Amino acid sequence: MVSIEIDNHIYQVPEGSNLLQACLSLGLDLPYFCWHPSLGSVGACRQCAVIQYQDRHDEVAGDQRDEQGRLVMSCMTPVSEGMRISIDAQNARNFRADIIELLMTNHPHDCPVCEEGGECHLQDMTQMSGHTYRQYRGKKRTHRNQYLGPFINHEMNRCIACYRCVRYYQDYAGGHDLQAMAAHNHVYFGRHEDGVLENEFSGNLVEVCPTGVFTDRTLSQHYSRKWDLQAAPSICVHCAQGCNTSPGERYGELRRVVNRYNSAVNGYFLCDRGRFGYGFVNREDRVTQAERVAEKSRESVRESLSRSGIRDALIEAIGPGKRLLGIGSPRASIEANFALRELVGADHFSAGLNNQQLNLQQSIIEILRTRPVRAPELREIEQADAVLILGEDVINTSPRLALSLRQTAANLGSKIADQLRIPVWQDAAVREAMQSDKTPVFIATITATRIDDIALKTYRDKPAGIAQLGFAIACAIDATAPFPEQLSEDQQNLAQQIAAVLKSAKNPLIVSGIGCQSQAVIAAAANVATALANRNSGEELQPTNLFYCLPESNSIGLGLMTSDEEGGLEHVIERLESNQADTLIIVENDLYRRLPPDRVERIFSSDATVIVLDHIKNETTLKADLLLPAATFAETEGTLVSGSGRAQRAFAVYVPTADIRGSWEWLSDMLALRNNEEKPRWQQVDEVTQSCGKAIGVLKGIADAAPDADFRLAGMKIARQPHRYSGRTAMLAAVNVSEPKQSVDPDSALGFTMEGFPGEKPSALTPYYWSPGWNSNQAVGKFQEEVSGPLRGGDPGVRLLEASTEPVKRWFETTPDVARGQGEWLLLPSYHIFGSEELSALSEAIIERSPLPTVMLTPEDAKSLGVAQGDGLTLSVASQSLSLEVIISDDCPKGALLVPAGLAKTAGLPFPYQVKATREIGWTRRLEVNILVSDKGTQR
Amino acid sequence: METPLTQNIGPGKLPLNLQEYRAAGGYRAAHKALLEMESKDILQLLQDANLRGRGGAGFPTGMKWSFVPMYKDREERPKYLVINADEMEPGTFKDRLLMEGDPHQLIEGIIISAYTLQAEVAYIFIRGEYQRSADLLNQAITECKAQGLLGTNIMHSRFNLDIFVHTSAGRYICGEETALLNSLEGKRATPRAKPPFPQVSGLWGRPTVVNNVETICNVPHIVNKGAAWYKSLSLTEDAGTKIFGVSGRVRNPGAWELPMGTPVREIIENYAGGMQDGYKLRGFLPGGGSTNFLTQEHLDLHMDYTSIGKAGSRLGTGTMIILDDKTCPVGMVRNLEHFFAQESCGWCTPCRDGLPWVEHILTEFEHGRGEIEDMEVLTRHTHLLGPGNTFCAHAPGAMGPLESALRYFREDFEAHIHSKSCPWTGIRGSHK
């Protein structure tokens, strides 16, 4: 720490930081534009000017004291011991007022119709800098705007040329199709031509842009001001990364999702799937009413049920004596899954995955719990000094992780900068000094990935080959690890190179996952990590950072409560077919995404009554004898466990309409009905959380993920609505002129109101960031311990898994590749950030970006099959047969057919799988729209 | 009077080829430097000679070079020498004279300088319009390669050097050394923050020195004849000769190599032939468009860095532009500010948005629509866009002529406001 004087006060600030960062960390208000906490300093906007005096603050005062000082840009000035500065000096204030006046010369006065209005950093900074009177008499320059795709609006006239957008998009996110063009005051930020912004993290432009150039296009469809949005702390449900979000609601509709800062997890940024995938919550085909099949013979004839009707139907189905089976879901919360498990009993609870997926998931959990490995948070991932990605197309399966891996690759810059005595925050200089030097990253995947540009070496192969490479690396690090058979010389050389780099790294990172659907790949990654943990023989065991990408928001949470190895869906089929159950309860799980249709049909063709709890109509809900409307993440509380084993709580943003209730609430009622209890088993979600923590040892910590419902500050709850929330008395005036009673929230310390504790709140209960004078997302600075540091009081979330320190070396044995049958092809999955994940794929903006169902193969394989680009290929997958349009690409392993996973047409396909393929006769090349599951249902 | 820089240059005289240049004593300095001198000796020599950068800022060349890390082992990070031949300062054409007149002189200077800096690659970043210069330099480089003066093991000294001529795609800001480096790397020509200075992290993040053409052309002569000789060329304490130029309504506009410190009056009257008939000198920009006006009272000043600096302007490129009594000073400044506003790279706020405002006001003046308050706005900009407040020296340079015009020609500005017209052009105010 060094001591500096700011406006006659002495402060201690961290050595090596810049003045702007130091001032903001101290909570002082100093305006800025081009600086961003994660983009560093470039000194472009000149807004953060302060006066620096020549003499030190501890020098003898008197006549010699420098009173004039010198104007410096605080973002470009390193702090130094004894430094004396002033933010408040008149010459500094004048300069900052002049700068903002210049910035505003071309800025339109369109705040009333601008979507940034009310959360605009430019508005805030203009106020802060005190520019009120416009002297410039000239005309404003104007620009033509561009179409940038379904996510982002473009309004260049508002641009103040802070350059944050291109610095974020190109330097931070690795995008190529957003540039600064032209020069002087005509500088233009956009694409070379109209078109979709290609980068998977483009949505962050909305938050990075200090004004309304880039705004959320999905919000535009149903716009509301920030101050009119009711928000709650939430967790993204579109993969297992556990990004913290702040969704906003108005008039019972989810309007948008913005980032909620968590220094350990997502920092300042989300991926586009997480930001724009919320549309499923607002769909017209939401399940809003309880329904049952009216005539057993005709499934399509359904009737809505009244409250008492539901009760009667439930008593009939699950009453005492009925034999129950339950199917949980990795996309449902801990509480929903646990409530189901309590209802049906642990022995009758299925995780809702097929055997293969369950085994993959459980072996990952086994590895994380028993081996000397640590599932790192994103912040730790960004600090690795060598990375091996084994088998996972990260940007499409766990997108936010890919953005962090970019920062990992770039973190070598700080070392290079250190050597040249360039401060690490001086962004442009650091990037200049490092040029193309990067932290070594090795990527072994089935096909090319969109982060291959950060890789020192890439390797493409089928899963078996990728696993072999992994085993060989482990063996090269530790000779006691098993050596794989059939290793090619190329594989061997690459393995040696990778092993050498990982071995010499201080903080190596292994990334893998279930993307390859391969046990061998998961095992190989574990062997590499185990070998690394033991690499310094004689020294203490050093757990290796090992991150497995998992597909769903609560994969780990579900896995931690699944102990039964017979919890796969195949086992459920067996039990139903041997008539071991009267009633099957499926919670938030579309089984058609887990198994081929013929196998799912076997579940529904049994005699058991099927109860389904879900929020969107899908093929499974169509088969339900009794369908209960479940709340989405936006309408109920729940705990999710991320891929790093971090339990985090998501809170309801608003009260759902109609009969919609959280799954745990339905199940709580059902428990009471089954046991003839008067009251529901649990009154509050906290009780479920606590019961779960008590019942399952490894989940003990989940109750601490957030303060419970009884938490109060000065006797007050915390408001979900901003204090400027408007129209409360008028919103429903068209229905009823008397102001409705505020909804109460028994489940959390948050209120559905604008009244609440005005001061600092626990981080896990902070619905959105706002601070006086800071209406934009930049207000987050006021909630951090220091710039980019943890939130005050600690980042929300509780880590459930920590590295085992067991020094035993245990190896997974290598598994030889299965030979391909005559005339058979290996069906492999390819993943798509937009389309492969179930819930986001139901959201309009994401649908626009989803790929067509296609099959990819190499030119040679296409030749042998006699197909050309645009032809149809019919695949026989077990009893199923489907035809897909052919794409020919070198970027595909030989003998493999690559099919996008998780699309409506491909969701239940088994991967990897030996399939037969023939050319489809009479195929006409078509632009096939990605038909939604629910649409398919109505078409039938 | 010795004229080392232009000794081989004359009206109608073709540039010397390698053979001729050698016959005239060329490449002796290179031979001496590479085979008889060590890097540190040459550096010392330049420091002793007090050679100052001829690009405009006048920074001592020896000192600039001394910040470059020197290696014991050649295998360390590469270093670069970059020649700034992007001569775009309004009114300036001295480097063109040197490149078109005697390309081998520059090549020889580069060889010695690169050897001193241990740089094995040099770039000549040349203004796009200087096609003839680029052709001649490329021709000279080809000749040198064929004769073992460039390439590997030059003159058996074990020193290697390649020179590449890069023609600029345009933009004045490329003359700013760090913007030049970005442009050379294929990036937007936006200046870089200093520190880090190019000597630490320059071209492709490697130690780099950027020098002006004229500066480097001095090097062979200093090596040949020594520091004392070089200092003796000058009339004042700033050493050497300097190419001075004059443009405007003089009888004989042009450029001449003269002793550093030659008085302004002597340059204008003896060499430029004095003012044309019917024109009187009202003021002059001593060293290009981005230097402050001086007036008649400054005619007896010595043209060197120190004297011109003391008078409140800069020697700049040493090529002056004359303002006569029949040209509207406001119009002249407007023309300059239009140029500077146009050539702003758009990176920092004061320059990007301040210069167009200044230009706008001056245009209003020229159309008789100036207002009293505008004088305050203009004055405010001269401070707001001053040194230290902007990212690079572009806007402060642009404020030079404005600030000095407001001082020396204030009554002309006010006349525009009061008469609601331009007294020179007669254009009267009207609403746009």
# chains A, B, ... in the order shown; residues from 1 in each chain; ligands from 1
>>> residues_around(residues="Pro596 of chain A", least_positions_apart="5", cutoff="9 Å", atoms="only C-alpha atoms", output="PyMOL selection string")
chain A and resi 591+601+877-880+907-910
>>> interface_residues(of="chain B", to="chain A", cutoff="6 Å", atoms="only C-alpha atoms", output="list in words")
Ser201, Gly205, Ser344, Cys345, Gly346, Trp347, Cys348, Thr349, Arg352 and Asp353 of chain B
>>> residues_around(residues="Ile585 of chain A", least_positions_apart="3", cutoff="10 Å", atoms="only C-alpha atoms", output="PDB file with C-alpha atoms, in the first residue's frame")
ATOM      1  CA  ALA A 317     -52.790 -40.845  -8.108  1.00  0.00           C
ATOM      2  CA  ILE A 318     -50.433 -40.582  -5.156  1.00  0.00           C
ATOM      3  CA  LEU A 324     -44.575 -44.119  -6.795  1.00  0.00           C
ATOM      4  CA  LEU A 325     -41.642 -43.526  -9.088  1.00  0.00           C
ATOM      5  CA  GLY A 326     -40.071 -40.101  -9.590  1.00  0.00           C
ATOM      6  CA  ILE A 327     -38.007 -38.678 -12.407  1.00  0.00           C
ATOM      7  CA  GLY A 328     -36.034 -35.569 -11.465  1.00  0.00           C
ATOM      8  CA  LEU A 340     -39.550 -35.228  -5.415  1.00  0.00           C
ATOM      9  CA  LEU A 343     -42.132 -37.828  -2.050  1.00  0.00           C
ATOM     10  CA  VAL A 344     -41.167 -41.014  -3.874  1.00  0.00           C
ATOM     11  CA  PHE A 349     -35.974 -41.505  -7.543  1.00  0.00           C
ATOM     12  CA  GLU A 588     -39.226 -30.479 -15.341  1.00  0.00           C
ATOM     13  CA  ALA A 608     -48.884 -46.188 -14.507  1.00  0.00           C
ATOM     14  CA  THR A 609     -50.501 -42.801 -14.149  1.00  0.00           C
ATOM     15  CA  VAL A 610     -48.072 -40.116 -15.288  1.00  0.00           C
ATOM     16  CA  ILE A 611     -47.939 -36.760 -13.512  1.00  0.00           C
ATOM     17  CA  VAL A 612     -45.765 -34.123 -15.176  1.00  0.00           C
ATOM     18  CA  LEU A 613     -44.682 -30.840 -13.626  1.00  0.00           C
ATOM     19  CA  ALA A 624     -49.140 -36.564 -19.072  1.00  0.00           C
ATOM     20  CA  LEU A 626     -52.033 -35.026 -15.086  1.00  0.00           C
ATOM     21  CA  LEU A 627     -50.067 -31.906 -15.966  1.00  0.00           C
ATOM     22  CA  LEU A 667     -44.479 -31.540  -4.328  1.00  0.00           C
TER      23      LEU A 667
END
>>> atom_distance(atom1="atom CA of Arg323 of chain A", atom2="atom CA of Val287 of chain A")
26.5 Å
>>> residues_around(residues="Pro859 of chain A", least_positions_apart="5", cutoff="12 Å", atoms="only C-alpha atoms", output="list in words")
Ser864, Leu865, Gly866, Val867, Ala868, Gln869, Val886, Ile887, Ile888, Ser889, Asp890, Asp891, Cys892, Pro893, Lys894, Gly895, Ala896 and Leu897 of chain A
>>> select_by_dssp(residues="segment 656-754 of chain A", states="strand (DSSP E or B)", output="NGL selection string")
:A and (661 or 713 or 716 or 718-719 or 750-751)
>>> write_last_selection(atoms="N, CA and C atoms", output="mmCIF file, in the first residue's frame")
data_model
loop_
_atom_site.group_PDB
_atom_site.id
_atom_site.type_symbol
_atom_site.label_atom_id
_atom_site.label_comp_id
_atom_site.auth_asym_id
_atom_site.auth_seq_id
_atom_site.Cartn_x
_atom_site.Cartn_y
_atom_site.Cartn_z
ATOM 1 N N ARG A 661 -46.993 -22.657 -9.984
ATOM 2 C CA ARG A 661 -46.293 -22.675 -8.688
ATOM 3 C C ARG A 661 -44.960 -23.366 -8.877
ATOM 4 N N LEU A 713 -33.166 -6.397 7.553
ATOM 5 C CA LEU A 713 -32.208 -5.345 7.860
ATOM 6 C C LEU A 713 -33.002 -4.212 8.492
ATOM 7 N N MET A 716 -36.475 -4.550 8.089
ATOM 8 C CA MET A 716 -37.066 -4.413 6.751
ATOM 9 C C MET A 716 -36.612 -5.516 5.809
ATOM 10 N N ILE A 718 -35.969 -6.536 1.636
ATOM 11 C CA ILE A 718 -35.234 -5.863 0.568
ATOM 12 C C ILE A 718 -36.147 -5.752 -0.647
ATOM 13 N N ALA A 719 -36.201 -4.567 -1.206
ATOM 14 C CA ALA A 719 -37.144 -4.310 -2.311
ATOM 15 C C ALA A 719 -36.631 -4.883 -3.619
ATOM 16 N N LEU A 750 -36.735 -10.925 0.228
ATOM 17 C CA LEU A 750 -37.027 -9.889 -0.754
ATOM 18 C C LEU A 750 -38.528 -9.629 -0.795
ATOM 19 N N GLY A 751 -38.910 -8.397 -1.106
ATOM 20 C CA GLY A 751 -40.330 -8.071 -1.210
ATOM 21 C C GLY A 751 -40.693 -7.699 -2.635
#
>>> closest_residue(among="A:Pro233, A:Gly277, A:Pro399, A:Gly638", to="Ser850 of chain A", atoms="only C-alpha atoms")
A:Gly277
>>> residues_around(residues="Phe340 of chain B", least_positions_apart="5", cutoff="9 Å", atoms="only C-alpha atoms", output="list in words")
Tyr172, Ser290, Asn335, Cys351, Leu355, Pro356, Glu359, His394, Ala395, Gly397 and Ala398 of chain B
>>> closest_residue(among="B:Lys187, B:His104, B:Lys64, B:Lys420", to="Asn211 of chain B", atoms="only C-alpha atoms")
B:Lys64
>>> residues_around(residues="Asp162 of chain B", least_positions_apart="2", cutoff="9 Å", atoms="only C-alpha atoms", output="ChimeraX atom specification")
/B:120-123,141,145,150-152,160,164
>>> residues_around(residues="Gly386 of chain B", least_positions_apart="2", cutoff="9 Å", atoms="only C-alpha atoms", output="list in words")
His381, Thr382, His383, Leu384, Gly388, Asn389, Thr390, Ala393, Ala395, Pro396, Gly397, Met399 and Gly400 of chain B
